[in-house]
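What follows is the content of model-v7.txt (compact mmCIF, C-alpha atoms and all ligand atoms).
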```
# COMPACT_ATOMS: atom_id res chain seq x y z
CA MET A 620 84.29 77.58 108.83
CA PRO A 621 84.71 73.94 109.89
CA PHE A 622 84.57 73.39 113.66
CA SER A 623 83.14 76.84 114.43
CA HIS A 624 80.83 75.25 117.01
CA LEU A 625 83.92 73.73 118.65
CA SER A 626 85.53 77.17 118.97
CA GLN A 627 82.38 78.35 120.68
CA GLN A 628 82.49 75.40 123.07
CA LEU A 629 86.11 76.17 123.92
CA GLN A 630 85.28 79.80 124.62
CA HIS A 631 82.43 78.68 126.84
CA LEU A 632 84.76 76.41 128.84
CA ALA A 633 87.24 79.26 129.30
CA ALA A 634 84.46 81.60 130.48
CA GLN A 635 83.50 79.06 133.17
CA HIS A 636 87.13 78.64 134.29
CA LEU A 637 87.02 75.01 133.14
CA TYR A 638 89.55 75.25 130.30
CA ARG A 639 92.47 72.86 130.68
CA SER A 640 96.00 73.28 129.42
CA ARG A 641 99.27 71.43 129.78
CA ARG A 642 102.44 72.65 131.44
CA VAL A 643 105.69 71.43 129.95
CA LEU A 644 107.93 69.47 132.33
CA GLU A 645 111.63 69.72 131.60
CA THR A 646 113.04 67.35 134.25
CA PRO A 647 112.33 63.80 135.49
CA GLN A 648 109.65 63.23 138.13
CA ALA A 649 111.06 64.43 141.43
CA ILE A 650 110.07 66.57 144.38
CA ARG A 651 111.81 69.53 142.71
CA VAL A 652 111.05 69.84 139.02
CA GLN A 653 111.42 72.45 136.33
CA ILE A 654 108.18 73.25 134.57
CA ASP A 655 107.69 75.93 131.91
CA GLY A 656 111.18 77.18 132.77
CA GLN A 657 110.44 77.57 136.50
CA SER A 658 111.93 75.48 139.31
CA VAL A 659 109.16 74.40 141.69
CA LEU A 660 108.47 72.00 144.54
CA ASN A 661 106.20 69.28 143.23
CA PHE A 662 103.05 68.46 145.22
CA CYS A 663 100.90 66.92 142.52
CA SER A 664 102.57 63.74 141.32
CA ASN A 665 101.21 60.24 141.91
CA ASP A 666 104.79 58.97 142.28
CA TYR A 667 104.06 58.47 145.99
CA LEU A 668 107.06 56.31 146.80
CA GLY A 669 109.58 58.25 144.70
CA LEU A 670 110.36 55.31 142.41
CA ALA A 671 109.68 56.86 138.97
CA ASN A 672 113.32 57.88 138.64
CA HIS A 673 114.94 55.43 141.07
CA PRO A 674 118.44 54.47 139.84
CA ASP A 675 117.83 50.71 140.24
CA VAL A 676 114.62 50.94 138.22
CA THR A 677 116.07 53.02 135.39
CA HIS A 678 119.23 50.86 135.32
CA THR A 679 117.13 47.70 134.95
CA PHE A 680 115.20 49.37 132.15
CA LYS A 681 118.37 50.32 130.24
CA CYS A 682 119.87 46.83 130.58
CA ALA A 683 116.57 45.22 129.61
CA VAL A 684 116.41 47.31 126.43
CA ASP A 685 119.73 45.71 125.48
CA ASP A 686 118.29 42.26 126.18
CA TYR A 687 114.78 42.67 124.73
CA GLY A 688 114.94 45.63 122.36
CA LEU A 689 112.26 48.28 122.78
CA GLY A 690 108.97 47.43 121.07
CA SER A 691 106.94 44.39 122.07
CA GLY A 692 105.98 43.89 118.41
CA SER A 693 102.38 42.79 118.86
CA ALA A 694 99.54 42.03 121.23
CA HIS A 695 99.99 39.40 123.98
CA LEU A 696 97.93 36.82 122.07
CA ILE A 697 99.95 37.11 118.85
CA CYS A 698 103.67 37.10 119.64
CA GLY A 699 104.12 39.98 122.09
CA HIS A 700 103.89 38.11 125.44
CA SER A 701 107.50 37.90 126.59
CA ILE A 702 109.17 36.05 129.42
CA ALA A 703 109.51 39.43 131.17
CA HIS A 704 105.73 40.02 131.09
CA HIS A 705 105.13 36.48 132.27
CA ALA A 706 107.52 36.77 135.23
CA LEU A 707 105.98 40.12 136.25
CA GLU A 708 102.48 38.62 136.18
CA GLU A 709 103.60 35.83 138.51
CA GLU A 710 105.20 38.32 140.89
CA LEU A 711 102.10 40.55 140.88
CA ALA A 712 99.94 37.53 141.77
CA ASP A 713 102.25 36.75 144.68
CA PHE A 714 102.37 40.43 145.74
CA THR A 715 98.58 40.72 145.87
CA GLY A 716 97.94 37.23 147.27
CA ARG A 717 95.83 36.23 144.27
CA ASP A 718 96.02 33.08 142.13
CA ARG A 719 96.95 34.93 138.96
CA ALA A 720 97.48 38.39 137.48
CA LEU A 721 97.10 39.70 133.93
CA LEU A 722 98.97 42.74 132.58
CA PHE A 723 97.13 45.48 130.70
CA SER A 724 98.80 48.32 128.83
CA THR A 725 97.02 51.01 130.90
CA GLY A 726 94.67 51.19 133.86
CA TYR A 727 92.02 52.84 131.73
CA GLN A 728 92.09 49.87 129.39
CA ALA A 729 92.08 47.37 132.25
CA ASN A 730 88.90 48.86 133.70
CA LEU A 731 87.10 48.98 130.35
CA GLY A 732 88.23 45.43 129.57
CA VAL A 733 87.23 43.80 132.85
CA ILE A 734 83.76 45.30 133.21
CA THR A 735 82.80 44.67 129.56
CA ALA A 736 84.13 41.08 129.76
CA LEU A 737 82.12 40.28 132.90
CA LEU A 738 78.80 41.99 132.14
CA GLY A 739 76.39 42.51 129.28
CA ARG A 740 72.76 43.37 128.60
CA GLY A 741 70.48 41.99 131.32
CA ASP A 742 73.18 42.36 134.00
CA ALA A 743 73.64 45.18 136.51
CA VAL A 744 76.64 47.26 137.58
CA PHE A 745 76.76 49.33 140.79
CA GLU A 746 79.33 52.08 141.04
CA ASP A 747 80.33 54.53 143.76
CA ARG A 748 79.38 58.03 142.63
CA LEU A 749 83.01 59.18 142.95
CA ASN A 750 84.58 56.31 140.98
CA HIS A 751 87.37 57.05 138.50
CA ALA A 752 86.18 57.94 134.98
CA SER A 753 87.55 54.69 133.52
CA LEU A 754 85.33 52.62 135.86
CA LEU A 755 82.26 54.67 134.98
CA ASP A 756 83.06 54.40 131.26
CA GLY A 757 83.54 50.63 131.56
CA GLY A 758 80.16 50.30 133.26
CA LEU A 759 78.42 52.35 130.56
CA LEU A 760 80.15 50.49 127.72
CA SER A 761 79.19 47.08 129.13
CA GLY A 762 75.50 47.58 128.33
CA ALA A 763 74.55 46.44 131.84
CA ARG A 764 72.00 48.40 133.87
CA PHE A 765 74.05 51.21 135.38
CA SER A 766 73.49 52.40 138.93
CA ARG A 767 75.57 54.95 140.88
CA TYR A 768 75.26 54.78 144.65
CA ALA A 769 76.00 57.64 147.07
CA HIS A 770 79.69 57.89 147.95
CA ALA A 771 80.77 55.09 150.32
CA ASP A 772 77.11 54.55 151.29
CA VAL A 773 76.63 50.82 151.80
CA SER A 774 72.91 51.14 152.69
CA ASP A 775 72.18 53.03 149.48
CA LEU A 776 74.05 50.31 147.58
CA GLU A 777 72.04 47.58 149.34
CA ARG A 778 68.72 49.17 148.33
CA ARG A 779 69.87 49.31 144.72
CA LEU A 780 71.21 45.75 144.74
CA HIS A 781 67.78 44.40 145.68
CA LYS A 782 66.43 45.70 142.37
CA GLY A 783 69.33 44.35 140.29
CA THR A 784 68.86 41.57 137.75
CA GLY A 785 71.25 39.15 136.09
CA HIS A 786 74.89 39.11 137.17
CA LYS A 787 75.65 41.91 139.62
CA LEU A 788 79.02 43.66 139.86
CA ILE A 789 79.87 46.24 142.55
CA VAL A 790 82.71 48.51 141.44
CA THR A 791 84.69 50.91 143.62
CA ASP A 792 87.95 52.81 143.86
CA GLY A 793 89.98 51.53 146.85
CA VAL A 794 91.52 54.89 147.73
CA PHE A 795 89.42 57.56 146.00
CA SER A 796 91.63 59.38 143.53
CA MET A 797 90.38 62.94 144.08
CA ASP A 798 89.35 62.66 147.77
CA GLY A 799 91.98 60.34 149.22
CA ASP A 800 89.54 58.50 151.50
CA PHE A 801 89.18 54.71 151.66
CA ALA A 802 86.21 52.73 150.37
CA PRO A 803 84.41 50.75 153.13
CA LEU A 804 85.68 47.49 151.64
CA SER A 805 84.86 45.12 154.51
CA PRO A 806 81.16 46.10 154.66
CA LEU A 807 81.06 46.12 150.85
CA ALA A 808 82.41 42.56 150.79
CA VAL A 809 79.71 41.46 153.28
CA VAL A 810 76.91 43.03 151.22
CA ALA A 811 78.34 41.56 148.01
CA LYS A 812 78.24 38.09 149.54
CA GLN A 813 74.71 38.51 150.92
CA GLN A 814 73.38 39.75 147.58
CA ASN A 815 75.29 37.28 145.45
CA ALA A 816 77.20 40.08 143.70
CA TRP A 817 80.87 40.28 142.72
CA LEU A 818 83.08 43.02 144.17
CA MET A 819 85.70 44.77 142.02
CA VAL A 820 88.23 47.15 143.59
CA ASP A 821 90.45 49.58 141.65
CA ASP A 822 93.35 50.17 144.05
CA ALA A 823 95.36 52.50 141.79
CA HIS A 824 96.16 54.80 144.72
CA GLY A 825 96.44 52.25 147.54
CA LEU A 826 98.82 49.82 145.93
CA GLY A 827 102.39 50.32 147.16
CA VAL A 828 101.26 52.91 149.69
CA LEU A 829 99.10 50.90 152.13
CA GLY A 830 99.67 47.59 153.92
CA GLY A 831 102.84 46.27 155.53
CA GLN A 832 104.33 45.20 152.19
CA GLY A 833 102.53 47.78 150.08
CA GLY A 834 99.86 45.32 148.97
CA GLY A 835 97.34 48.16 149.17
CA LEU A 836 93.96 48.57 150.83
CA LEU A 837 93.19 44.85 150.50
CA GLU A 838 96.34 43.96 152.43
CA LEU A 839 95.50 46.60 155.04
CA TYR A 840 91.98 45.18 155.52
CA GLY A 841 93.07 41.55 155.05
CA LEU A 842 90.58 40.84 152.23
CA SER A 843 90.98 37.59 150.31
CA GLN A 844 90.27 36.71 146.71
CA THR A 845 86.96 35.17 147.80
CA GLU A 846 85.86 38.46 149.35
CA VAL A 847 87.19 40.66 146.54
CA PRO A 848 87.27 38.49 143.42
CA VAL A 849 88.41 41.29 141.08
CA LEU A 850 91.40 43.47 142.01
CA MET A 851 92.75 46.04 139.58
CA GLY A 852 96.00 47.92 140.16
CA THR A 853 98.07 50.38 138.16
CA LEU A 854 101.83 50.49 137.77
CA GLY A 855 102.22 54.17 136.84
CA LYS A 856 101.56 55.61 140.30
CA ALA A 857 103.31 54.36 143.47
CA ILE A 858 105.02 51.57 141.50
CA GLY A 859 106.65 54.31 139.44
CA THR A 860 106.61 52.77 135.94
CA PHE A 861 103.67 52.27 133.56
CA GLY A 862 100.83 49.85 132.84
CA ALA A 863 98.27 48.02 134.95
CA PHE A 864 97.04 44.59 135.95
CA VAL A 865 94.01 42.64 137.09
CA ALA A 866 94.44 39.94 139.74
CA GLY A 867 92.09 37.13 140.74
CA SER A 868 91.19 33.50 140.16
CA ASP A 869 92.30 31.36 137.26
CA VAL A 870 88.81 31.41 135.76
CA LEU A 871 88.68 35.22 135.93
CA ILE A 872 92.05 35.62 134.22
CA GLU A 873 91.27 33.03 131.52
CA THR A 874 87.96 34.80 130.86
CA LEU A 875 89.75 38.12 130.43
CA ILE A 876 92.26 36.57 128.04
CA GLN A 877 89.37 35.27 125.89
CA LYS A 878 87.00 38.24 126.19
CA ALA A 879 88.57 41.54 127.30
CA ARG A 880 88.79 43.51 124.07
CA THR A 881 91.19 46.10 125.52
CA TYR A 882 93.54 43.22 126.33
CA ILE A 883 93.19 41.37 123.05
CA TYR A 884 93.32 44.24 120.57
CA THR A 885 96.25 46.28 121.81
CA THR A 886 100.04 46.08 121.72
CA ALA A 887 101.75 44.61 124.79
CA LEU A 888 103.86 46.91 126.98
CA PRO A 889 107.56 47.02 126.07
CA PRO A 890 109.13 44.01 127.83
CA ALA A 891 111.89 46.22 129.27
CA LEU A 892 109.17 48.14 131.10
CA ALA A 893 107.99 44.88 132.65
CA GLU A 894 111.57 44.16 133.78
CA ALA A 895 111.89 47.64 135.29
CA THR A 896 108.57 47.11 137.08
CA ARG A 897 109.89 43.85 138.59
CA THR A 898 112.77 45.82 140.14
CA SER A 899 110.37 48.49 141.35
CA LEU A 900 108.12 45.87 142.91
CA LYS A 901 111.04 44.48 144.92
CA LEU A 902 111.76 47.99 146.26
CA VAL A 903 108.07 48.52 147.07
CA ARG A 904 107.93 45.33 149.12
CA ALA A 905 111.28 45.67 150.87
CA GLU A 906 111.53 49.39 151.61
CA SER A 907 108.74 49.95 154.10
CA TRP A 908 110.53 53.12 155.23
CA ARG A 909 108.92 54.82 152.22
CA ARG A 910 105.43 54.09 153.60
CA ASP A 911 106.47 55.08 157.14
CA LYS A 912 107.86 58.34 155.82
CA LEU A 913 104.60 59.11 154.01
CA THR A 914 102.60 58.43 157.19
CA MET A 915 104.80 60.90 159.07
CA LEU A 916 104.55 63.59 156.35
CA ILE A 917 100.76 63.22 156.10
CA ALA A 918 100.35 63.63 159.86
CA ARG A 919 102.57 66.72 159.86
CA PHE A 920 100.67 68.29 156.99
CA ARG A 921 97.24 67.60 158.47
CA ALA A 922 98.19 69.00 161.86
CA GLY A 923 99.56 72.17 160.26
CA ALA A 924 96.64 72.58 157.85
CA GLU A 925 94.09 72.14 160.65
CA GLN A 926 95.84 74.84 162.64
CA LEU A 927 95.54 77.15 159.64
CA GLY A 928 91.84 76.31 159.31
CA LEU A 929 92.13 74.86 155.80
CA ALA A 930 89.21 72.71 154.62
CA LEU A 931 90.78 69.26 154.65
CA LEU A 932 88.90 66.08 153.70
CA PRO A 933 88.96 62.95 155.90
CA SER A 934 91.92 61.33 154.14
CA GLN A 935 94.68 59.16 155.61
CA SER A 936 96.36 58.72 152.23
CA PRO A 937 99.06 60.81 150.49
CA ILE A 938 96.19 62.47 148.58
CA GLN A 939 95.28 65.49 150.75
CA PRO A 940 92.73 67.69 148.99
CA ILE A 941 91.87 71.17 150.22
CA LEU A 942 88.28 71.94 149.34
CA ILE A 943 87.77 75.34 147.71
CA GLY A 944 84.39 75.07 145.95
CA ASP A 945 84.61 77.68 143.24
CA SER A 946 86.69 76.77 140.16
CA LYS A 947 87.94 80.31 139.61
CA LYS A 948 89.16 80.57 143.18
CA ALA A 949 90.85 77.15 143.04
CA LEU A 950 92.68 78.23 139.88
CA ALA A 951 93.70 81.53 141.48
CA ILE A 952 95.15 79.85 144.58
CA SER A 953 96.97 77.30 142.43
CA ALA A 954 98.42 80.18 140.36
CA ALA A 955 99.50 82.05 143.50
CA LEU A 956 101.20 78.90 144.80
CA LEU A 957 102.97 78.40 141.48
CA ASN A 958 104.15 81.97 141.65
CA ALA A 959 105.65 81.17 145.05
CA GLY A 960 107.36 78.05 143.65
CA PHE A 961 104.85 75.31 144.63
CA LEU A 962 103.20 73.05 142.08
CA VAL A 963 99.72 72.12 143.37
CA SER A 964 97.00 71.27 140.88
CA ALA A 965 93.51 72.72 140.92
CA ILE A 966 90.99 69.96 140.21
CA ARG A 967 87.71 71.17 138.73
CA PRO A 968 84.46 69.69 137.38
CA PRO A 969 83.81 67.37 135.63
CA THR A 970 86.69 65.52 137.33
CA VAL A 971 85.00 66.34 140.66
CA PRO A 972 81.30 67.19 141.33
CA GLN A 973 80.00 70.70 140.58
CA GLY A 974 80.90 73.23 143.27
CA SER A 975 83.64 71.06 144.76
CA ALA A 976 86.76 72.37 143.01
CA ARG A 977 89.80 71.72 145.13
CA LEU A 978 93.54 71.80 145.43
CA ARG A 979 94.83 68.25 145.24
CA VAL A 980 98.00 68.09 147.32
CA THR A 981 99.96 64.85 147.08
CA PHE A 982 103.04 63.71 148.94
CA SER A 983 106.06 61.61 148.06
CA ALA A 984 108.34 59.60 150.33
CA LEU A 985 111.10 61.86 148.98
CA HIS A 986 109.58 64.98 150.55
CA ASP A 987 111.02 66.11 153.88
CA GLU A 988 109.51 67.99 156.81
CA VAL A 989 110.99 71.27 155.56
CA HIS A 990 109.03 70.87 152.31
CA ILE A 991 105.77 70.33 154.21
CA ASP A 992 106.42 73.38 156.38
CA ALA A 993 107.26 75.53 153.37
CA LEU A 994 104.07 74.40 151.63
CA LEU A 995 101.98 75.24 154.71
CA ASP A 996 103.50 78.73 154.82
CA ALA A 997 102.76 79.26 151.14
CA LEU A 998 99.21 77.92 151.56
CA ALA A 999 98.55 80.26 154.45
CA LYS A 1000 99.48 83.21 152.25
CA ALA A 1001 97.76 82.06 149.06
CA TYR A 1002 94.58 80.80 150.74
CA PHE A 1003 93.81 83.88 152.77
CA PHE A 1004 95.28 86.42 150.41
CA ASP A 1005 92.99 88.40 148.12
CA THR A 1006 93.32 86.21 145.04
CA SER A 1007 90.97 88.36 142.96
CA ILE A 1008 94.04 90.04 141.45
CA TYR A 1009 94.76 86.90 139.39
C1 LIG A 1101 95.10 56.59 137.20
C2 LIG A 1101 93.89 55.77 137.44
C3 LIG A 1101 93.44 54.86 136.48
C4 LIG A 1101 94.03 54.80 135.10
O1 LIG A 1101 95.27 54.18 135.09
P1 LIG A 1101 96.28 54.51 133.90
O2 LIG A 1101 97.29 53.42 133.97
O3 LIG A 1101 96.83 55.87 134.16
O4 LIG A 1101 95.48 54.45 132.62
C5 LIG A 1101 92.38 54.05 136.80
N1 LIG A 1101 91.76 54.13 138.01
C6 LIG A 1101 92.16 55.01 138.95
C7 LIG A 1101 91.44 55.07 140.26
C8 LIG A 1101 93.23 55.87 138.69
O5 LIG A 1101 93.59 56.77 139.58
```

Please rewrite the model in this file as C-alpha cells.
Amino acid sequence: MPFSHLSQQLQHLAAQHLYRSRRVLETPQAIRVQIDGQSVLNFCSNDYLGLANHPDVTHTFKCAVDDYGLGSGSAHLICGHSIAHHALEEELADFTGRDRALLFSTGYQANLGVITALLGRGDAVFEDRLNHASLLDGGLLSGARFSRYAHADVSDLERRLHKGTGHKLIVTDGVFSMDGDFAPLSPLAVVAKQQNAWLMVDDAHGLGVLGGQGGGLLELYGLSQTEVPVLMGTLGKAIGTFGAFVAGSDVLIETLIQKARTYIYTTALPPALAEATRTSLKLVRAESWRRDKLTMLIARFRAGAEQLGLALLPSQSPIQPILIGDSKKALAISAALLNAGFLVSAIRPPTVPQGSARLRVTFSALHDEVHIDALLDALAKAYFFDTSIY
C-alpha cells in the first residue's frame, strides 16, 4: 500500500489529540456565523476591527473588478504591477511612517522573502522563541546561523548577539499571535543599535488595532524607521482583506525587489483587492471608535475572567488566550463551548509549546458587552464542568 506510513502517522496524531480538521463556514466573517450548519458566536477570527465584510470595502472591490478585471495576470516585475497596487504601497508607507512599502501576496511569503533576501551563510538571525512559523521558516531557509532566544528576554538575546558573526538580524512578532502580549520593542531597538544588528518586526496582530491611527505597536511606542528598519504587516487580519507588505527605507525596498524570491516568482494580488484595501485603510485610520471599543471589550472580559479564576495571560490585545495545558482538555472545552453556541478555537502543539494548549479567544469591534457576558457564562460552565464526557 502506498502511503501506509502516512496512515500510521495520522493515527498517531489522532491518538495524541493533535489531529486537525476544518469546519465549513457558510456565512461571511461576522460575530455571528453559521459553521457546519450551526449558528454560533464567533470568538476566533482575526478580523479584529470588523472590516472583512464592511459594505464600503466590498463595494469598492465590486466596482474595482469592473475597472480592473479579476486576475493580475503576472508577477509584479513582469506586467502585473497595477496603478492600484502602486497607490496602495504609497498609502501603506504613509500609514506606517516609512519611506516606502512593498506589497507581497501573503504574510508567509513576505517573511520568507525578507529574511532570505537580507541574510545568507556567514550571517546570524536571532528569533524570539514564540515567533510565528513563517518567521522561523524564513530564518531557517536563509542559511544564516539560527538562534532562538527566550520569549521577550532581552538579556538572553544580548548574550547570543555577542557570539553572532556577519550581518545580524533580530526578528520578532510585535503582538505575539498565540499569546497576545507585546514584544519589548524599545529595549530591543536599543540592543540592536548597540550590537550593530538590524531589527525586524512582524506586526500582523498590532496593525490596525494599536496606536492612535492604527499604525500598530510601532506607532504606540513611537519607533522610527531608524530604530526598526524592517516592518512587516499583513492585510488579512485587522485590515480585513488579504495580502501583506514590508515597509522601510528605499534601499531595503529596492533590495527586496531585486532579491526576494517570494516577491519575484509569484503572481501579484488581484488589483481590485488592492483597491478594496485602500478603502479599508481609510476606515482603519479614521474610525478610532473601533479601537476604543476593543479596549473596552478586552477590559470587560479580563475583569470577568479573573473573577472566574480563569488562567489568563498578560495580554492587552484582542488576543486573550486561556491557558489549559493538556491538548485533550483544551479540545473538550472548545467542543463544550461549540455545543453551547460559542466558537473558540483550541490551539495545540506544535503551534504552541508542548504542555501549553490553550483556548485562543479573540474579540472584534463588532462584539458588544452582551456577547462578552454570554461568553463568560459559557466559559464558567465549560471550564469547570466535567469535560471527560467528551
Ligand atoms: C497571520 C500571520 C502571518 C502570515 O500572514 P498571511 O498573510 O496569513 O500569510 C505572519 N506572521 C504573523 C505573526 C501572523 O499572525

Residue nearest Arg719 of chain A - candidates A:Leu839, A:Leu850, A:Ala808, A:Leu644, atoms counted: only C-alpha atoms: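 Residue with the minimum atom-to-atom distance to Arg719 of chain A: A:Leu850.
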
Test item: residues lying within 8 Å of ligand LIG 1101 (chain A) with all atoms listed in the file, as a list in words: Ser724, Thr725, Gly726, Tyr727, Gln728, Ala729, Asn730, Asn750, His751, Ala752, Ser753, Leu754, Asp792, Gly793, Val794, Phe795, Ser796, Asp821, Asp822, Ala823, His824, Gly852, Thr853, Leu854, Gly855, Lys856, Phe861, Gly862 and Ala863 of chain A

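Picture a line from atom CA of Leu875 of chain A to atom CA of Met851 of chain A; it runs 12.5 Å.
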
Å distance separating atom CA of Met819 of chain A from atom CA of Ile876 of chain A, one decimal place: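 The value is 17.5 Å.
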
Residue with smallest distance to Ala706 of chain A - pool A:Thr784, A:Thr646, A:Thr896, A:Ser934, counting all atoms listed in the file: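 Using all atoms listed in the file, the shortest distance to Ala706 of chain A belongs to A:Thr896.
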
Surrounding residues of Ala857 of chain A excluding itself and chain neighbours under 5 positions, 8 Å, all atoms listed in the file, as a ChimeraX atom specification: /A:665-670,824,826-828

Write to file, as a PDB file, in the coordinates of the input, the residues of the selection just made, with C-alpha atoms.
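Dumped to part.pdb:
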```pdb
ATOM      1  CA  ASN A 665     101.210  60.240 141.910  1.00  0.00           C
ATOM      2  CA  ASP A 666     104.790  58.970 142.280  1.00  0.00           C
ATOM      3  CA  TYR A 667     104.060  58.470 145.990  1.00  0.00           C
ATOM      4  CA  LEU A 668     107.060  56.310 146.800  1.00  0.00           C
ATOM      5  CA  GLY A 669     109.580  58.250 144.700  1.00  0.00           C
ATOM      6  CA  LEU A 670     110.360  55.310 142.410  1.00  0.00           C
ATOM      7  CA  HIS A 824      96.160  54.800 144.720  1.00  0.00           C
ATOM      8  CA  LEU A 826      98.820  49.820 145.930  1.00  0.00           C
ATOM      9  CA  GLY A 827     102.390  50.320 147.160  1.00  0.00           C
ATOM     10  CA  VAL A 828     101.260  52.910 149.690  1.00  0.00           C
TER      11      VAL A 828
END
```

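Here atom CA of Asp775 of chain A stands at a distance of 23.0 Å from atom CA of Arg740 of chain A.
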
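Among the candidates A:Pro803, A:Gly656, A:Pro937, A:Gly690, the one nearest to Arg910 of chain A when counting all atoms listed in the file is A:Pro937.
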
Counting only C-alpha atoms, the option among A:Gln814, A:Ala976, A:Ala891, A:Leu927 closest to Asp685 of chain A: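 That would be A:Ala891, the residue with the smallest distance to Asp685 of chain A.
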
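Distances to Glu894 of chain A were evaluated for A:Gln935, A:Ser953, A:Thr715, A:Thr679 using only C-alpha atoms, and the minimum falls at A:Thr679.
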
Ile650 of chain A environment, 9 Å, only C-alpha atoms, sequence neighbours closer than 4 positions dropped, as number ranges by chain: A: 659-662, 664, 669, 982-983, 985-986

Residue with smallest distance to Ala893 of chain A - pool A:Ile991, A:Ile858, A:Ala984, A:Leu749, counting only C-alpha atoms: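 The closest residue to Ala893 of chain A is A:Ile858.
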
Surrounding residues of Gly783 of chain A excluding itself and chain neighbours under 2 positions, 12 Å, only C-alpha atoms, as JSON, numbers by chain: {"A": [741, 742, 743, 744, 745, 763, 764, 765, 766, 776, 777, 778, 779, 780, 781, 785, 786, 787, 788, 789, 814, 815, 816]}

Residue neighbourhood Glu709 of chain A, 10 Å, all atoms listed in the file, exclusion window fewer than 6 positions, as a list in words: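 Contacts, in chain order: Arg717, Asp718, Arg719, Ala720 and Leu721 of chain A.
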
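Residues lying within 7 Å of (89.9, 45.7, 149.5). Counted over all atoms listed in the file, they are A:Gly793, A:Leu804, A:Val820, A:Leu836, A:Leu837, A:Tyr840, A:Leu842, A:Val847.
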
Taking the structure in the block just given, could you write segment 885-912 of chain A with C-alpha atoms, as a tab-separated table (two decimals), in the first residue's frame?
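Final output, result.tsv:
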```
chain	number	residue	atom	x	y	z
A	885	THR	CA	4.69	34.80	-7.62
A	886	THR	CA	1.57	36.34	-9.14
A	887	ALA	CA	0.59	39.80	-7.89
A	888	LEU	CA	-2.59	40.15	-5.81
A	889	PRO	CA	-5.72	40.97	-7.83
A	890	PRO	CA	-5.67	44.77	-8.29
A	891	ALA	CA	-9.30	45.01	-7.10
A	892	LEU	CA	-8.13	43.60	-3.77
A	893	ALA	CA	-5.58	46.42	-3.54
A	894	GLU	CA	-8.36	48.94	-4.22
A	895	ALA	CA	-10.57	47.37	-1.54
A	896	THR	CA	-7.63	47.51	0.88
A	897	ARG	CA	-7.21	51.25	0.19
A	898	THR	CA	-10.82	51.78	1.31
A	899	SER	CA	-10.26	49.59	4.36
A	900	LEU	CA	-7.13	51.54	5.27
A	901	LYS	CA	-9.09	54.80	5.26
A	902	LEU	CA	-11.63	53.26	7.66
A	903	VAL	CA	-8.83	51.93	9.89
A	904	ARG	CA	-7.25	55.36	10.19
A	905	ALA	CA	-10.44	57.39	10.59
A	906	GLU	CA	-12.64	55.17	12.77
A	907	SER	CA	-10.77	55.11	16.05
A	908	TRP	CA	-14.03	54.11	17.76
A	909	ARG	CA	-13.25	50.55	16.63
A	910	ARG	CA	-10.03	50.54	18.67
A	911	ASP	CA	-11.74	52.20	21.65
A	912	LYS	CA	-14.48	49.60	21.53
```
